[in-house]
Amino acid sequence: MKRYLITGCAGFIGSNFVYHMLNKYKDIQLVNLDKLTYAGNLENLKGALGDPRHIFVQGDICDRELVSGLFEKYRFDCVINFAAESHVDRSITNPEIFVETNVLGTVNLLQCAKNAWYEGGRWAVGKKFLQVSTDEVYGSLGEDGYFMETTPLCPHSPYSASKTSADLFVMAFHDTYGMPVNITRCSNNYGPYQFPEKLIPLMINNCKTKKGLPVYGDGMNVRDWLYVEDHCKAIDMVAQGGRDGEVYNVGGHNEKPNIFIVKTIIKELHDKYDDTIDESLIQYVADRLGHDRRYGIDPTKIRSELGWYPETPFEEGIVKTIDWYLANEEWMQHVTSGDYQKYYEEMYKNK
Ligand code: NAD
Ligand code: TYD
């Protein structure tokens with residue numbers, strides 16, 4: 001039986017990953033360490049909390065005693081680090097917590113893994129540290145070209161700077177101590193359980209509540225959207241078969257300007273939910289500081305080495321996603337009550 005420490009898996013991608021793994025592997029042990037910040041939510045794990053293969057632990061990846069205690073107790077074979085502060089806009093207002101969790105937290109996990117797996121000058125056999133990273137570490141593209149694994153790192157936002165820094169520490173542990181590692185760098189994800197600070201769930205929620213739809217700048221920034229289940233499948237493949245010390249880019253060649261995404265959501269909700277929802281809700285607002293213009297992934301390496309490919313076309317994925325949010329109104333109500341209102345007011349008042 002393979003034993004995993006998975007971190008940050010009460011959040012969006014992590015909770016989808018828990019379901020992916022439990023559905024796929026009968027004989028598995030997942031220990032899910034999550035601090036339950038504003039972005040973590042036990043409701044996301046409702047279908048997994050009673051499963052004996054999944055143990056939830058509330059705690060901070062920066063906590064040395066807690067994490068090393070978990071290594072001692074569960075003897076992990078693999079660490080997959082999803083835990084992070086993940087929102088670019090929040091990183092612009094408050095960068096420090098991004099350094100704490102994304103950089104110091106990752107280094108703490110690396111140290112604990114090294115202490116547990118490196119003995120007498122040798123690494124225990126069959127271990128792996130997998131860092132879940134992002135294409136944002138590469139910076140921004142012009143009209144042409146794609147991010148390859150060899151593209152120089154050139155982050156712009158405090159979020160991407162912190163993720164880049166974590167990636168560099170992961171590679172430093174590989175290069176210095178020989179730690180067995182992989183890094184995945186994926187493009188923008190969408191799907192169930194995404195917190196409505198991110199573009200797609202925010203626009204769905206604002207349409208439903210008839211709030212303005214705040215489109216930054218000219219709406220022509222491009223993101224390369226991937227359905228979350230396809231990302232989970234890629235992480236699983238890299239965990240099982242990624243070559244030691246390698247980085248794998250993950251993306252499905254699905255680049256869309258933001259305004260296209262917003263108009264797609266409007267049309268779907270107009271047809272399915274309320275025919276008074278229309279494009280008059282769109283409000284072009286002040287641009288995000290340092291806003292990256294275009295992201296686009298070249299996924300050749302993961303496709304040719306591991307046979308990964310995206311299974312969900314955007315047209316299908318976006319409908320599934322919208323249907324999920326419509327069917328889970330209570331989830332949306334819970335996550336948008338209280339602190340979310342304050343966040344929204346603060347973040348959008350000057351835009
Ligand atoms: P999310 O914000 O939805 O979830 C983050 C989770 O981490 C939450 O459950 C939160 O409680 C937990 N967490 C935060 N700080 C913690 C700490 N100090 N200790 C333990 N747990 C902590 O994020 P997400 O969108 O699910 O992203 C997961 C990972 O994937 C992140 O590392 C992110 O950088 C990366 N990523 C995200 C995307 C995307 O489009 N969302 C794309 C590529 C990579
Ligand atoms: P986001 O979901 O925050 O992801 P990221 O910044 O990590 O790519 O934003 C996706 C795109 O949507 C990005 O170009 C910024 C834009 N955006 C808006 O135009 N309005 C919004 O209210 C938000 C949250 C994002």
# chains A, B, ... in the order shown; residues from 1 in each chain; ligands from 1
$ residues_near_ligand --ligand "ligand 2" --cutoff "7 Å" --atoms "only C-alpha atoms and all ligand atoms" --output "ChimeraX atom specification"
/A:87-89,188,197-200,202,214-216,219,221-223,258,291-292
$ residues_around --residues "region 174-178 of chain A" --least-positions-apart "6" --cutoff "10 Å" --atoms "only C-alpha atoms" --output "list in words"
Lys114, Tyr118, Gly121, Arg122, Trp123, Phe129, Leu168, Asp244, Gly245 and Glu246 of chain A
$ write_last_selection --atoms "all heavy atoms" --output "short mmCIF file (atom, residue, chain, number, x, y, z; two decimals), in the first residue's frame"
data_model
loop_
_atom_site.label_atom_id
_atom_site.label_comp_id
_atom_site.auth_asym_id
_atom_site.auth_seq_id
_atom_site.Cartn_x
_atom_site.Cartn_y
_atom_site.Cartn_z
N LYS A 114 13.31 15.02 4.10
CA LYS A 114 14.73 14.63 4.10
C LYS A 114 15.09 13.91 5.40
O LYS A 114 15.75 12.86 5.39
CB LYS A 114 15.60 15.87 3.91
CG LYS A 114 17.09 15.61 3.97
CD LYS A 114 17.87 16.83 3.51
CE LYS A 114 19.35 16.69 3.81
NZ LYS A 114 19.70 17.09 5.19
N TYR A 118 16.29 10.16 4.42
CA TYR A 118 17.73 10.16 4.13
C TYR A 118 18.45 9.67 5.37
O TYR A 118 18.46 10.34 6.40
CB TYR A 118 18.15 11.58 3.79
CG TYR A 118 19.54 11.75 3.24
CD1 TYR A 118 19.91 11.23 2.01
CD2 TYR A 118 20.51 12.47 3.97
CE1 TYR A 118 21.19 11.41 1.50
CE2 TYR A 118 21.78 12.66 3.46
CZ TYR A 118 22.11 12.13 2.23
OH TYR A 118 23.37 12.32 1.73
N GLY A 121 23.60 8.56 4.68
CA GLY A 121 24.10 9.00 3.38
C GLY A 121 23.33 8.42 2.20
O GLY A 121 23.77 8.53 1.06
N ARG A 122 22.17 7.77 2.45
CA ARG A 122 21.39 7.18 1.34
C ARG A 122 19.91 7.52 1.47
O ARG A 122 19.38 7.62 2.58
CB ARG A 122 21.50 5.65 1.38
CG ARG A 122 22.88 5.13 1.13
CD ARG A 122 22.95 3.72 1.61
NE ARG A 122 22.01 2.91 0.83
CZ ARG A 122 22.33 1.78 0.23
NH1 ARG A 122 23.56 1.33 0.35
NH2 ARG A 122 21.45 1.12 -0.45
N TRP A 123 19.28 7.64 0.31
CA TRP A 123 17.84 7.86 0.29
C TRP A 123 17.11 6.53 0.33
O TRP A 123 17.51 5.58 -0.37
CB TRP A 123 17.44 8.62 -0.99
CG TRP A 123 17.86 10.04 -0.90
CD1 TRP A 123 19.04 10.57 -1.33
CD2 TRP A 123 17.14 11.11 -0.30
NE1 TRP A 123 19.10 11.90 -1.04
CE2 TRP A 123 17.93 12.28 -0.40
CE3 TRP A 123 15.89 11.22 0.34
CZ2 TRP A 123 17.54 13.52 0.09
CZ3 TRP A 123 15.49 12.47 0.82
CH2 TRP A 123 16.30 13.58 0.71
N PHE A 129 9.02 13.45 -3.64
CA PHE A 129 8.41 14.73 -3.24
C PHE A 129 7.92 15.42 -4.51
O PHE A 129 8.71 15.73 -5.39
CB PHE A 129 9.45 15.62 -2.55
CG PHE A 129 8.86 16.85 -1.90
CD1 PHE A 129 8.67 16.91 -0.53
CD2 PHE A 129 8.49 17.96 -2.67
CE1 PHE A 129 8.12 18.05 0.08
CE2 PHE A 129 7.93 19.09 -2.07
CZ PHE A 129 7.76 19.14 -0.70
N LEU A 168 12.44 26.57 -6.75
CA LEU A 168 13.90 26.60 -6.69
C LEU A 168 14.40 25.81 -5.48
O LEU A 168 15.43 25.12 -5.56
CB LEU A 168 14.39 28.05 -6.65
CG LEU A 168 14.15 28.86 -7.94
CD1 LEU A 168 14.55 30.31 -7.76
CD2 LEU A 168 14.92 28.24 -9.11
N ASP A 244 12.95 11.11 -12.17
CA ASP A 244 13.51 11.84 -11.03
C ASP A 244 14.12 13.18 -11.46
O ASP A 244 14.88 13.25 -12.42
CB ASP A 244 14.59 10.98 -10.36
CG ASP A 244 15.14 11.65 -9.12
OD1 ASP A 244 14.42 12.50 -8.55
OD2 ASP A 244 16.29 11.35 -8.73
N GLY A 245 13.74 14.24 -10.71
CA GLY A 245 14.34 15.55 -10.93
C GLY A 245 13.74 16.34 -12.08
O GLY A 245 14.22 17.41 -12.41
N GLU A 246 12.65 15.80 -12.67
CA GLU A 246 12.09 16.46 -13.86
C GLU A 246 10.90 17.35 -13.54
O GLU A 246 10.13 17.10 -12.60
CB GLU A 246 11.64 15.40 -14.88
CG GLU A 246 12.77 14.59 -15.47
CD GLU A 246 13.72 15.44 -16.32
OE1 GLU A 246 13.25 16.26 -17.13
OE2 GLU A 246 14.95 15.25 -16.16
#
$ closest_atom_pairs --of "chain A" --to "ligand 1" --cutoff "7 Å" --atoms "only C-alpha atoms and all ligand atoms" --output "Markdown table"
| residue | atom | partner | partner_atom_place_in_ligand_line | distance |
| --- | --- | --- | --- | --- |
| A:Thr7 | CA | ligand 1 | 21 (N) | 6.0 |
| A:Gly8 | CA | ligand 1 | 7 (O) | 3.5 |
| A:Cys9 | CA | ligand 1 | 9 (O) | 5.4 |
| A:Ala10 | CA | ligand 1 | 9 (O) | 4.0 |
| A:Gly11 | CA | ligand 1 | 9 (O) | 3.3 |
| A:Phe12 | CA | ligand 1 | 26 (O) | 3.7 |
| A:Ile13 | CA | ligand 1 | 26 (O) | 3.7 |
| A:Gly14 | CA | ligand 1 | 26 (O) | 5.4 |
| A:Leu33 | CA | ligand 1 | 20 (C) | 6.0 |
| A:Asp34 | CA | ligand 1 | 21 (N) | 3.7 |
| A:Lys35 | CA | ligand 1 | 21 (N) | 4.0 |
| A:Leu36 | CA | ligand 1 | 11 (O) | 3.6 |
| A:Thr37 | CA | ligand 1 | 11 (O) | 4.0 |
| A:Tyr38 | CA | ligand 1 | 11 (O) | 6.4 |
| A:Ala39 | CA | ligand 1 | 8 (C) | 4.6 |
| A:Gly40 | CA | ligand 1 | 9 (O) | 3.1 |
| A:Asn41 | CA | ligand 1 | 9 (O) | 6.3 |
| A:Gly59 | CA | ligand 1 | 20 (C) | 5.8 |
| A:Asp60 | CA | ligand 1 | 19 (N) | 3.5 |
| A:Ile61 | CA | ligand 1 | 19 (N) | 4.0 |
| A:Cys62 | CA | ligand 1 | 18 (N) | 6.0 |
| A:Asn81 | CA | ligand 1 | 32 (O) | 6.8 |
| A:Phe82 | CA | ligand 1 | 29 (C) | 4.1 |
| A:Ala83 | CA | ligand 1 | 7 (O) | 3.7 |
| A:Ala84 | CA | ligand 1 | 14 (C) | 4.6 |
| A:Glu85 | CA | ligand 1 | 14 (C) | 5.2 |
| A:Ser86 | CA | ligand 1 | 2 (O) | 4.6 |
| A:His87 | CA | ligand 1 | 2 (O) | 6.7 |
| A:Thr101 | CA | ligand 1 | 18 (N) | 4.5 |
| A:Gly105 | CA | ligand 1 | 18 (N) | 6.3 |
| A:Val132 | CA | ligand 1 | 32 (O) | 5.3 |
| A:Ser133 | CA | ligand 1 | 44 (C) | 4.9 |
| A:Thr134 | CA | ligand 1 | 44 (C) | 4.0 |
| A:Asp135 | CA | ligand 1 | 43 (C) | 6.6 |
| A:Lys163 | CA | ligand 1 | 34 (O) | 6.6 |
| A:Arg185 | CA | ligand 1 | 43 (C) | 6.3 |
| A:Cys186 | CA | ligand 1 | 43 (C) | 4.4 |
| A:Ser187 | CA | ligand 1 | 42 (C) | 5.1 |
| A:Asn188 | CA | ligand 1 | 40 (O) | 3.6 |
| A:Asn189 | CA | ligand 1 | 40 (O) | 3.8 |
| A:Tyr190 | CA | ligand 1 | 40 (O) | 6.6 |
| A:Gln194 | CA | ligand 1 | 3 (O) | 6.0 |
| A:Phe195 | CA | ligand 1 | 3 (O) | 6.0 |
$ select_by_dssp --residues "region 192-331 of chain A" --states "strand (DSSP E)" --output "MDAnalysis selection string"
chainID A and resid 213:216 222:224 226:227 246:250 255:257 282:285
$ residues_around --residues "region 295-308 of chain A" --least-positions-apart "6" --cutoff "9 Å" --atoms "only C-alpha atoms" --output "MDAnalysis selection string"
chainID A and resid 135:136 138:142 145:149 185:188 221:224 230 233:234 237:238 241:243 248:255
$ select_by_dssp --residues "region 235-345 of chain A" --states "helix (DSSP H, G or I)" --output "VMD selection string"
chain A and resid 235 to 241 258 to 272 279 to 281 300 to 306 314 to 327 329 to 336 339 to 345
$ residues_around --residues "Phe314 (chain A)" --least-positions-apart "4" --cutoff "8 Å" --atoms "only C-alpha atoms" --output "NGL selection string"
:A and (225-227 or 254 or 318)
$ atom_distance --atom1 "CA of Asp51 (chain A)" --atom2 "CA of His334 (chain A)"
23.8 Å
$ closest_residue --among "A:Asn205, A:Asn23, A:Thr276, A:Ser157" --to "Glu329 (chain A)" --atoms "only C-alpha atoms"
A:Asn205
$ residues_around --residues "region 53-56 of chain A" --least-positions-apart "4" --cutoff "7 Å" --atoms "only C-alpha atoms" --output "ChimeraX atom specification"
/A:28-33,48-49
